[in-house]
Each structure stands twice: as structure tokens, then as C-alpha cells.
Amino acid sequence: MADDRESTPLAIFSHGKEGIPWGDKILRLAEVARRQGFRVESPDYRDLSGAEKRVERLLQQVPSGRPSPLVLVGSSMGGYQSIVASAALRPDGLFLLAPAIGLTTGEYAQMEPVPHSGKMAIVHGWDDDVVAPDQVIAFARRHRASLTLLPDGHRLLDVMDEIVLIFSRFLDTLG
């Protein structure tokens, strides 16, 4: 018989480089996921330097009998981590907020990781000064991802009500 952890849908939230595991964005989105029957986790990556070590920790969060649906949600560096981890985890969904793609700093082994998921949605700010919107538009086009651009910067805090609605609809599509 399957363990409840393996039979309950799971959403794993990965915070950004300077974020915290249960920050405002994650709390708001986790509430949506719980209402839709998901168990939620938000690992703490603050003790790790560099995105690749964070990917390893994310991979360790998923039980061996993979839950279905499995959704990876990532903000900034957490978005990068979610994309990289998707190659091994093959989640049903990737939901990315201002994903750190196309960056040339030494913290990221892959300038453009390839997503492997059933569905992918991206929310990005027009005024993002960390990850250029043009990079994300090109990424979304290449991978045929749903993309919503909103009038905000990298942290996307001023548009959280809209993001909550987008995330709720995204989870509905995984049904």
C-alpha cells in the first residue's frame, strides 16, 4: 500500500538566492496549493552557496515513490533549480517566477537549462533588473511555455494577487 506522502499531490517551493523558505510569496502560493489538495514543502537553501548544491537538496525532497501530480515552484535562483531538477524529476508542472536563466555568473553551471515537465508557466516582471525580460521571453518561446509579463520588478511583490490567480489556474490544468 502506498504511503500517504506518495499518494498526495506535492508542490515544492524553492526560494531565491536571498529569499527565505516561507517568505511572503511562498506563503501565499502554498495556501493556494493546500486548498487544491497539495502537500507543500519549502526547503531551506540559505546554508548553501551556488545553485547546483541547491539542486541536489531539491532532488532529495521528492519521495522515491514520486507523488502525482508533482509541481516544482521556483523564484529566481529557485526557478533555475526547479528547471535543472526537472530533468531528473519529470514533474507534472513547473511554475517559475522571475527564473534566473541566461545569467553568466559562476553560480550557475548552465546558462540555459532545459525544462522537462508536463506543463510550464512563467511569470516575469517587465521591470526586472536582475533577469532581463527579453531573455525570459526567448526562453518561453523556445520551450513553448505560458508566459505572463506583469508591471513589476524582480521580486514581483506588487503583483502577488495576480500571481495567486495565475497559479491557481495553473494547478487546475494539472487536474
# chains A, B, ... in the order shown; residues from 1 in each chain; ligands from 1
>>> residues_around(residues="Ser76 of chain A", least_positions_apart="6", cutoff="6 Å", atoms="only C-alpha atoms", output="count of residues only")
4
>>> select_by_dssp(residues="segment 12-153 of chain A", states="alpha helix (DSSP H)", output="PyMOL selection string")
chain A and resi 24-35+51-60+77-89+133-143
>>> closest_atom_pairs(of="segment 14-54 of chain A", to="segment 62-74 of chain A", cutoff="10 Å", atoms="only C-alpha atoms", output="CSV")
residue,atom,partner,partner_atom,distance
A:Ser14,CA,A:Gly74,CA,4.6
A:His15,CA,A:Gly74,CA,6.1
A:Gly16,CA,A:Gly74,CA,7.4
A:Ile26,CA,A:Val73,CA,8.9
A:Leu29,CA,A:Val73,CA,9.1
A:Ala30,CA,A:Val73,CA,9.7
A:Ala33,CA,A:Val71,CA,9.7
A:Phe38,CA,A:Pro69,CA,8.6
A:Arg39,CA,A:Leu70,CA,9.8
A:Val40,CA,A:Val71,CA,9.6
A:Glu41,CA,A:Val62,CA,9.8
A:Ser42,CA,A:Val73,CA,9.4
>>> residues_around(residues="segment 88-96 of chain A", least_positions_apart="4", cutoff="10 Å", atoms="only C-alpha atoms", output="ChimeraX atom specification")
/A:10-14,58-59,62,66-80,82-84,100,115-124,145-147,166-167,170-171,173-174
>>> closest_residue(among="A:Thr8, A:Arg35, A:Lys25, A:Gly50", to="Ser168 of chain A", atoms="only C-alpha atoms")
A:Arg35
>>> residues_around(residues="segment 101-107 of chain A", least_positions_apart="6", cutoff="8 Å", atoms="only C-alpha atoms", output="PyMOL selection string")
chain A and resi 49-52+80+113+131+135-136
>>> select_by_dssp(residues="segment 17-151 of chain A", states="strand (DSSP E or B)", output="list in words")
Arg39, Val40, Glu41, Leu70, Val71, Leu72, Val73, Gly74, Ser75, Gly93, Leu94, Phe95, Leu96, Leu97, Lys119, Met120, Ala121, Ile122, Val123, His124, Gly125, Ser146, Leu147, Thr148, Leu149 and Leu150 of chain A
>>> atom_distance(atom1="atom CA of Pro133 of chain A", atom2="atom CA of Val114 of chain A")
17.9 Å
>>> closest_residue(among="A:Gln60, A:Arg46, A:Arg28, A:Ala109", to="Asp161 of chain A", atoms="only C-alpha atoms")
A:Arg28
>>> closest_residue(among="A:Leu165, A:Ile137, A:Met111, A:Leu48", to="Glu18 of chain A", atoms="only C-alpha atoms")
A:Leu48
>>> atom_distance(atom1="atom CA of Glu56 of chain A", atom2="atom CA of Tyr108 of chain A")
13.3 Å
>>> decode(residues="segment 93-121 of chain A", atoms="C-alpha atoms", output="mmCIF file, in the first residue's frame")
data_model
loop_
_atom_site.group_PDB
_atom_site.id
_atom_site.type_symbol
_atom_site.label_atom_id
_atom_site.label_comp_id
_atom_site.auth_asym_id
_atom_site.auth_seq_id
_atom_site.Cartn_x
_atom_site.Cartn_y
_atom_site.Cartn_z
ATOM 1 C CA GLY A 93 4.279 21.144 -13.700
ATOM 2 C CA LEU A 94 6.890 23.866 -13.417
ATOM 3 C CA PHE A 95 5.735 27.262 -12.163
ATOM 4 C CA LEU A 96 8.515 29.835 -12.393
ATOM 5 C CA LEU A 97 8.690 33.358 -11.009
ATOM 6 C CA ALA A 98 11.416 35.573 -12.498
ATOM 7 C CA PRO A 99 13.569 32.499 -13.219
ATOM 8 C CA ALA A 100 17.331 33.040 -13.145
ATOM 9 C CA ILE A 101 18.092 31.943 -16.685
ATOM 10 C CA GLY A 102 20.657 33.293 -19.094
ATOM 11 C CA LEU A 103 22.901 34.541 -16.302
ATOM 12 C CA THR A 104 26.628 34.324 -16.786
ATOM 13 C CA THR A 105 27.767 34.394 -13.172
ATOM 14 C CA GLY A 106 29.717 31.450 -11.801
ATOM 15 C CA GLU A 107 26.802 30.427 -9.574
ATOM 16 C CA TYR A 108 25.015 28.705 -12.454
ATOM 17 C CA ALA A 109 26.512 25.732 -14.287
ATOM 18 C CA GLN A 110 24.025 26.034 -17.151
ATOM 19 C CA MET A 111 23.283 29.337 -18.832
ATOM 20 C CA GLU A 112 20.087 27.909 -20.260
ATOM 21 C CA PRO A 113 18.841 24.741 -18.557
ATOM 22 C CA VAL A 114 16.281 22.682 -20.457
ATOM 23 C CA PRO A 115 12.929 22.143 -18.728
ATOM 24 C CA HIS A 116 11.380 18.668 -18.558
ATOM 25 C CA SER A 117 7.800 18.861 -17.369
ATOM 26 C CA GLY A 118 4.265 18.257 -18.451
ATOM 27 C CA LYS A 119 3.334 21.950 -18.253
ATOM 28 C CA MET A 120 5.269 25.099 -17.588
ATOM 29 C CA ALA A 121 4.168 28.617 -16.734
#
